[in-house]
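Below: the structure, in structure tokens.
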Amino acid sequence: MFAKICGLRTEADVEVAAEAGADAIGLVFAASPRRVDVATAARLVKATPPGVLVVGVFKDQPVDEVAELAAASGVAAVQLHGSYPREAFDALAARGTRLVRATSLTPGTETATGAWGEEMLILDSPTPGSGQRWDLRALEGNRPTGQWLLSGGLDPDNVAEAIARARPWGVDASSGIESTRGTKDHGLVRAFLQACR
Ligand SMILES: O=C(O)c1ccccc1N[C@@H]1O[C@H](COP(=O)(O)O)[C@@H](O)[C@H]1O
């Protein structure tokens, strides 16, 4: 089970997540209490051990801004939320950017991982980073294929059951592993990663 821990803001956050077995971490560049500036992101990238994928998280920011922040910080991939068209994915892929596509599961959602050039697909609630769960019954008849991550309101207490029901390739969490909004609780991060496995 691939596990991504999102919204890290300090070196201690990175160290705990990596030591506890996170496969990927997310640094948020979107408007959010978890947002990091580019200098902080670059420091956190340097603090991340090899083998842990660092993903920059964006929402409805211009493609040029995404590419500039990704290059300046050194994140390995970008995760796009919001209403990006297919052309935005194509433009970033043409620059060699590794892509993660995040979407909620509404009628017409493209659920085949890789369909827009992304290497991972995230199915999230309609309000990313809010801690809201969504009705997993929506997966019936729409279950993605390939490297897809379940997200939206996951925490140490609910993630095992959510995995059993949704059968994702991986999971992604932020709000459910915080003490206060924007501040990771290291005990909850460890408990979440243990519960995933
Ligand atoms: O975490 C944020 O603040 C955020 C802001 C804008 C876009 C995405 C964001 N995070 C992503 O949201 C989900 C986690 O949601 P939850 O808090 O666990 O419900 C995950 O994909 C994050 O990468």
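Every chain in the structure tokens takes a letter, A first, then B, and so on in the order presented; its residues are numbered from 1, and the ligands are numbered from 1 following the presented order.
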
>> Let me see if you get this right: every residue at most 8 Å from ligand 1, counting only C-alpha atoms and all ligand atoms, written as a PyMOL selection string.
In response: chain A and resi 5-7+26+28-35+57-59+79-82+102+122-125+127-133+151-155+172-177+182

Fewer than 6 positions away in the same chain doesn't count, so skip those; otherwise give me all residues within 10 Å of range 156-162 of chain A, counting only C-alpha atoms, as a PDB file with N, CA and C atoms, in the first residue's frame.
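Once written, out-v2.pdb looks like this:
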```
ATOM      1  N   LEU A 136     -17.961   6.272  -0.590  1.00  0.00           N
ATOM      2  CA  LEU A 136     -17.200   5.310  -1.404  1.00  0.00           C
ATOM      3  C   LEU A 136     -18.103   4.469  -2.308  1.00  0.00           C
ATOM      4  N   LEU A 150      -6.578   6.794  -2.778  1.00  0.00           N
ATOM      5  CA  LEU A 150      -7.802   7.247  -2.110  1.00  0.00           C
ATOM      6  C   LEU A 150      -7.432   8.376  -1.157  1.00  0.00           C
ATOM      7  N   PRO A 168      -7.823   0.686  -2.931  1.00  0.00           N
ATOM      8  CA  PRO A 168      -6.970   1.547  -3.756  1.00  0.00           C
ATOM      9  C   PRO A 168      -5.559   0.981  -3.850  1.00  0.00           C
ATOM     10  N   VAL A 171      -2.921   5.497  -0.558  1.00  0.00           N
ATOM     11  CA  VAL A 171      -3.746   6.451   0.200  1.00  0.00           C
ATOM     12  C   VAL A 171      -2.966   7.755   0.400  1.00  0.00           C
ATOM     13  N   ASP A 172      -3.716   8.807   0.706  1.00  0.00           N
ATOM     14  CA  ASP A 172      -3.129  10.143   0.864  1.00  0.00           C
ATOM     15  C   ASP A 172      -3.913  10.851   1.966  1.00  0.00           C
ATOM     16  N   ALA A 173      -3.215  11.489   2.890  1.00  0.00           N
ATOM     17  CA  ALA A 173      -3.932  12.139   4.002  1.00  0.00           C
ATOM     18  C   ALA A 173      -3.233  13.416   4.428  1.00  0.00           C
ATOM     19  N   GLY A 176      -6.477  14.595   8.722  1.00  0.00           N
ATOM     20  CA  GLY A 176      -6.701  13.573   9.755  1.00  0.00           C
ATOM     21  C   GLY A 176      -5.465  13.203  10.555  1.00  0.00           C
ATOM     22  N   ILE A 177      -4.336  13.811  10.197  1.00  0.00           N
ATOM     23  CA  ILE A 177      -3.092  13.516  10.923  1.00  0.00           C
ATOM     24  C   ILE A 177      -2.485  14.819  11.465  1.00  0.00           C
ATOM     25  N   GLY A 187       2.572  11.743  16.222  1.00  0.00           N
ATOM     26  CA  GLY A 187       1.985  10.474  16.680  1.00  0.00           C
ATOM     27  C   GLY A 187       0.917   9.986  15.711  1.00  0.00           C
ATOM     28  N   LEU A 188       0.106  10.911  15.219  1.00  0.00           N
ATOM     29  CA  LEU A 188      -0.945  10.521  14.262  1.00  0.00           C
ATOM     30  C   LEU A 188      -0.337  10.115  12.915  1.00  0.00           C
ATOM     31  N   VAL A 189       0.745  10.779  12.524  1.00  0.00           N
ATOM     32  CA  VAL A 189       1.414  10.387  11.267  1.00  0.00           C
ATOM     33  C   VAL A 189       1.897   8.941  11.381  1.00  0.00           C
ATOM     34  N   ARG A 190       2.554   8.628  12.493  1.00  0.00           N
ATOM     35  CA  ARG A 190       3.049   7.251  12.673  1.00  0.00           C
ATOM     36  C   ARG A 190       1.882   6.260  12.723  1.00  0.00           C
ATOM     37  N   ALA A 191       0.838   6.607  13.474  1.00  0.00           N
ATOM     38  CA  ALA A 191      -0.315   5.701  13.612  1.00  0.00           C
ATOM     39  C   ALA A 191      -0.994   5.482  12.269  1.00  0.00           C
ATOM     40  N   PHE A 192      -1.069   6.544  11.461  1.00  0.00           N
ATOM     41  CA  PHE A 192      -1.704   6.424  10.143  1.00  0.00           C
ATOM     42  C   PHE A 192      -0.925   5.447   9.265  1.00  0.00           C
ATOM     43  N   LEU A 193       0.395   5.629   9.231  1.00  0.00           N
ATOM     44  CA  LEU A 193       1.213   4.755   8.367  1.00  0.00           C
ATOM     45  C   LEU A 193       1.162   3.307   8.841  1.00  0.00           C
ATOM     46  N   GLN A 194       1.115   3.127  10.147  1.00  0.00           N
ATOM     47  CA  GLN A 194       0.999   1.759  10.674  1.00  0.00           C
ATOM     48  C   GLN A 194      -0.366   1.153  10.279  1.00  0.00           C
ATOM     49  N   ALA A 195      -1.407   1.938  10.400  1.00  0.00           N
ATOM     50  CA  ALA A 195      -2.752   1.437  10.078  1.00  0.00           C
ATOM     51  C   ALA A 195      -2.888   1.115   8.594  1.00  0.00           C
ATOM     52  N   CYS A 196      -2.180   1.871   7.762  1.00  0.00           N
ATOM     53  CA  CYS A 196      -2.244   1.610   6.314  1.00  0.00           C
ATOM     54  C   CYS A 196      -1.763   0.204   5.997  1.00  0.00           C
ATOM     55  N   ARG A 197      -0.797  -0.222   6.789  1.00  0.00           N
ATOM     56  CA  ARG A 197      -0.148  -1.498   6.489  1.00  0.00           C
ATOM     57  C   ARG A 197      -0.686  -2.613   7.331  1.00  0.00           C
TER      58      ARG A 197
END
```

>> Need the shell around Gln147 in chain A: protein/DNA/RNA residues with any atom at most 9 Å away, counting only C-alpha atoms. Skip same-chain ones fewer than 5 positions apart. Format as JSON, numbers by chain?
In response: {"A": [113, 114, 119, 120, 121, 122, 168, 169, 170]}

Save out the residues we just selected, N, CA and C atoms, as a PDB file, in the first residue's frame.
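Result saved to out-v7.pdb:
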```
ATOM      1  N   THR A 113      -6.108   5.662 -14.695  1.00  0.00           N
ATOM      2  CA  THR A 113      -4.844   6.318 -14.364  1.00  0.00           C
ATOM      3  C   THR A 113      -3.962   6.386 -15.596  1.00  0.00           C
ATOM      4  N   GLY A 114      -3.400   7.561 -15.835  1.00  0.00           N
ATOM      5  CA  GLY A 114      -2.515   7.731 -16.985  1.00  0.00           C
ATOM      6  C   GLY A 114      -3.217   8.320 -18.183  1.00  0.00           C
ATOM      7  N   GLU A 119       1.122   9.891 -13.678  1.00  0.00           N
ATOM      8  CA  GLU A 119       1.578   8.578 -13.199  1.00  0.00           C
ATOM      9  C   GLU A 119       0.765   8.102 -12.008  1.00  0.00           C
ATOM     10  N   MET A 120       0.055   9.007 -11.371  1.00  0.00           N
ATOM     11  CA  MET A 120      -0.857   8.620 -10.280  1.00  0.00           C
ATOM     12  C   MET A 120      -2.124   9.453 -10.380  1.00  0.00           C
ATOM     13  N   LEU A 121      -3.219   8.833  -9.964  1.00  0.00           N
ATOM     14  CA  LEU A 121      -4.510   9.515  -9.907  1.00  0.00           C
ATOM     15  C   LEU A 121      -4.954   9.542  -8.448  1.00  0.00           C
ATOM     16  N   ILE A 122      -5.443  10.692  -7.975  1.00  0.00           N
ATOM     17  CA  ILE A 122      -5.975  10.774  -6.614  1.00  0.00           C
ATOM     18  C   ILE A 122      -7.465  11.040  -6.700  1.00  0.00           C
ATOM     19  N   PRO A 168      -7.823   0.686  -2.931  1.00  0.00           N
ATOM     20  CA  PRO A 168      -6.970   1.547  -3.756  1.00  0.00           C
ATOM     21  C   PRO A 168      -5.559   0.981  -3.850  1.00  0.00           C
ATOM     22  N   TRP A 169      -4.770   1.555  -4.754  1.00  0.00           N
ATOM     23  CA  TRP A 169      -3.338   1.224  -4.843  1.00  0.00           C
ATOM     24  C   TRP A 169      -2.577   1.946  -3.735  1.00  0.00           C
ATOM     25  N   GLY A 170      -3.106   3.100  -3.308  1.00  0.00           N
ATOM     26  CA  GLY A 170      -2.447   3.878  -2.270  1.00  0.00           C
ATOM     27  C   GLY A 170      -3.417   4.812  -1.569  1.00  0.00           C
TER      28      GLY A 170
END
```

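Distances here use only C-alpha atoms; by that measure, the residue among A:Asp135, A:Glu110, A:Glu11, A:Glu178 closest to Leu27 in chain A is A:Glu11.
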
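For the residues A:Ala3, A:Ile25, A:Ala88, A:Ala70, ranking by smallest atom-to-atom distance to Ala47 in chain A using only C-alpha atoms places A:Ile25 first.
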
>> Let me make sure I understand: among A:Ala94, A:Lys184, A:Arg101, A:Ala164, which one has the smallest atom-to-atom distance to Val14 in chain A if we use only C-alpha atoms?
In response: A:Lys184

>> Considering only strand (DSSP E) as DSSP defines it on the backbone, what residues of range 24-193 of chain A qualify? List them as a VMD selection string.
In response: chain A and resid 24 to 28 53 to 59 77 to 81 98 to 104 120 to 124 148 to 151 170 to 173 178 to 180 183 to 184

For those residues, write N, CA and C atoms to a file as a short mmCIF file (atom, residue, chain, number, x, y, z; two decimals), in the first residue's frame.
```
data_model
loop_
_atom_site.label_atom_id
_atom_site.label_comp_id
_atom_site.auth_asym_id
_atom_site.auth_seq_id
_atom_site.Cartn_x
_atom_site.Cartn_y
_atom_site.Cartn_z
N ALA A 24 5.63 8.81 -0.09
CA ALA A 24 5.64 10.13 -0.71
C ALA A 24 5.22 11.16 0.32
N ILE A 25 5.69 12.40 0.13
CA ILE A 25 5.22 13.51 0.96
C ILE A 25 4.74 14.61 0.03
N GLY A 26 3.82 15.42 0.54
CA GLY A 26 3.29 16.53 -0.26
C GLY A 26 3.63 17.86 0.38
N LEU A 27 4.11 18.79 -0.45
CA LEU A 27 4.36 20.16 -0.02
C LEU A 27 3.35 21.05 -0.76
N VAL A 28 2.56 21.79 0.01
CA VAL A 28 1.43 22.51 -0.58
C VAL A 28 1.85 23.92 -1.01
N LEU A 53 9.21 10.10 -2.51
CA LEU A 53 8.82 11.01 -3.59
C LEU A 53 8.28 12.32 -3.00
N VAL A 54 8.82 13.44 -3.44
CA VAL A 54 8.30 14.73 -2.96
C VAL A 54 7.42 15.34 -4.05
N VAL A 55 6.18 15.62 -3.68
CA VAL A 55 5.17 16.10 -4.63
C VAL A 55 4.77 17.53 -4.24
N GLY A 56 4.77 18.43 -5.20
CA GLY A 56 4.26 19.78 -4.98
C GLY A 56 2.76 19.80 -5.30
N VAL A 57 1.98 20.40 -4.40
CA VAL A 57 0.51 20.36 -4.54
C VAL A 57 0.00 21.74 -4.96
N PHE A 58 -0.78 21.77 -6.05
CA PHE A 58 -1.26 23.02 -6.63
C PHE A 58 -2.77 22.95 -6.85
N LYS A 59 -3.41 24.12 -6.81
CA LYS A 59 -4.84 24.15 -7.15
C LYS A 59 -5.13 25.40 -7.98
N ALA A 77 7.57 15.86 -8.50
CA ALA A 77 6.33 15.73 -9.27
C ALA A 77 5.35 16.81 -8.82
N VAL A 78 4.35 17.09 -9.65
CA VAL A 78 3.33 18.05 -9.25
C VAL A 78 1.96 17.38 -9.23
N GLN A 79 1.17 17.78 -8.26
CA GLN A 79 -0.18 17.24 -8.05
C GLN A 79 -1.15 18.38 -8.34
N LEU A 80 -2.02 18.17 -9.33
CA LEU A 80 -2.90 19.25 -9.78
C LEU A 80 -4.33 19.00 -9.34
N HIS A 81 -4.88 19.94 -8.57
CA HIS A 81 -6.29 19.94 -8.15
C HIS A 81 -7.01 21.08 -8.86
N ARG A 98 6.75 15.40 -13.91
CA ARG A 98 5.98 14.21 -13.50
C ARG A 98 4.66 14.68 -12.89
N LEU A 99 3.58 13.97 -13.22
CA LEU A 99 2.25 14.49 -12.92
C LEU A 99 1.43 13.56 -12.03
N VAL A 100 0.69 14.18 -11.11
CA VAL A 100 -0.32 13.48 -10.31
C VAL A 100 -1.63 14.23 -10.55
N ARG A 101 -2.66 13.53 -10.98
CA ARG A 101 -3.96 14.18 -11.25
C ARG A 101 -4.90 13.93 -10.09
N ALA A 102 -5.42 15.00 -9.50
CA ALA A 102 -6.35 14.86 -8.37
C ALA A 102 -7.73 15.33 -8.79
N THR A 103 -8.73 14.54 -8.47
CA THR A 103 -10.09 14.88 -8.87
C THR A 103 -11.07 14.26 -7.88
N SER A 104 -12.28 14.82 -7.85
CA SER A 104 -13.34 14.12 -7.12
C SER A 104 -14.09 13.24 -8.12
N MET A 120 0.05 9.01 -11.37
CA MET A 120 -0.86 8.62 -10.28
C MET A 120 -2.12 9.45 -10.38
N LEU A 121 -3.22 8.83 -9.96
CA LEU A 121 -4.51 9.52 -9.91
C LEU A 121 -4.95 9.54 -8.45
N ILE A 122 -5.44 10.69 -7.98
CA ILE A 122 -5.97 10.77 -6.61
C ILE A 122 -7.46 11.04 -6.70
N LEU A 123 -8.24 10.21 -6.02
CA LEU A 123 -9.67 10.48 -5.90
C LEU A 123 -9.90 11.06 -4.51
N ASP A 124 -10.42 12.28 -4.47
CA ASP A 124 -10.51 13.08 -3.26
C ASP A 124 -11.95 13.59 -3.12
N TRP A 148 -3.79 4.39 -8.34
CA TRP A 148 -4.69 5.44 -7.86
C TRP A 148 -4.72 5.47 -6.34
N LEU A 149 -4.83 6.69 -5.81
CA LEU A 149 -4.80 6.90 -4.36
C LEU A 149 -6.17 7.37 -3.88
N LEU A 150 -6.58 6.79 -2.78
CA LEU A 150 -7.80 7.25 -2.11
C LEU A 150 -7.43 8.38 -1.16
N SER A 151 -8.24 9.43 -1.15
CA SER A 151 -7.98 10.57 -0.27
C SER A 151 -9.30 11.18 0.17
N GLY A 170 -3.11 3.10 -3.31
CA GLY A 170 -2.45 3.88 -2.27
C GLY A 170 -3.42 4.81 -1.57
N VAL A 171 -2.92 5.50 -0.56
CA VAL A 171 -3.75 6.45 0.20
C VAL A 171 -2.97 7.76 0.40
N ASP A 172 -3.72 8.81 0.71
CA ASP A 172 -3.13 10.14 0.86
C ASP A 172 -3.91 10.85 1.97
N ALA A 173 -3.21 11.49 2.89
CA ALA A 173 -3.93 12.14 4.00
C ALA A 173 -3.23 13.42 4.43
N GLU A 178 -3.40 15.74 11.84
CA GLU A 178 -2.96 17.03 12.37
C GLU A 178 -3.52 17.26 13.77
N SER A 179 -2.76 18.03 14.58
CA SER A 179 -3.24 18.42 15.91
C SER A 179 -4.13 19.65 15.77
N THR A 180 -3.66 20.62 15.01
CA THR A 180 -4.50 21.76 14.63
C THR A 180 -4.29 21.95 13.13
N THR A 183 -0.88 21.85 11.19
CA THR A 183 0.23 21.36 12.02
C THR A 183 0.14 19.86 12.17
N LYS A 184 1.12 19.15 11.64
CA LYS A 184 1.11 17.69 11.70
C LYS A 184 1.35 17.22 13.13
#
```

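Using only C-alpha atoms, the smallest distance between any of A:Ala91, A:Leu105, A:Ala18, A:Ala12 and Pro49 in chain A comes from A:Ala18.
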
>> DSSP on the backbone, helix (DSSP H, G or I) only: what residues of range 15-189 of chain A does that give? Format it as JSON, numbers by chain.
In response: {"A": [15, 16, 17, 18, 19, 38, 39, 40, 41, 42, 43, 44, 45, 46, 47, 63, 64, 65, 66, 67, 68, 69, 70, 71, 72, 73, 86, 87, 88, 89, 90, 91, 92, 93, 94, 136, 137, 138, 139, 159, 160, 161, 162, 163, 164, 165, 166, 175, 176, 177, 186, 187, 188, 189]}

For Arg86 in chain A, please output as a short mmCIF file (atom, residue, chain, number, x, y, z; two decimals) with N, CA and C atoms, in the first residue's frame all residues within 8 Å (counting only C-alpha atoms; exclusion window: fewer than 3 positions along the same chain).
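So the final result, stored in result-v2.cif, reads:
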```cif
data_model
loop_
_atom_site.label_atom_id
_atom_site.label_comp_id
_atom_site.auth_asym_id
_atom_site.auth_seq_id
_atom_site.Cartn_x
_atom_site.Cartn_y
_atom_site.Cartn_z
N PHE A 89 -2.06 19.57 -18.54
CA PHE A 89 -1.25 18.35 -18.29
C PHE A 89 -0.27 18.14 -19.43
N ASP A 90 -0.76 18.34 -20.66
CA ASP A 90 0.12 18.15 -21.83
C ASP A 90 1.29 19.14 -21.79
N TRP A 116 -4.45 11.13 -18.71
CA TRP A 116 -4.01 12.49 -19.04
C TRP A 116 -2.49 12.63 -18.86
#
```

> What separation in Å, quoted to one decimal, exists between CA of Val75 in chain A and CA of Ala166 in chain A?
Replying inline: 28.7 Å

> Just how far from CA of Pro62 in chain A is CA of Arg95 in chain A, in Å to one decimal?
Replying inline: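 These two atoms are separated by 14.5 Å.
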
>> Could you check the closest approach to Thr106 in chain A for each of A:Val36, A:Leu92, A:Leu139, A:Ala22 and tell me which residue wins, using only C-alpha atoms?
In response: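 Distance minimum relative to Thr106 in chain A lands on A:Leu139.
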
> Could you work out how far CA of Thr97 in chain A lies from CA of Ala76 in chain A, giving the answer in Å with one decimal?
Replying inline: 7.9 Å

>> Using only C-alpha atoms, can you tell me which of A:Ile163, A:Asp185, A:Val38, A:Ala112 comes closest to Thr145 in chain A?
In response: A:Ala112
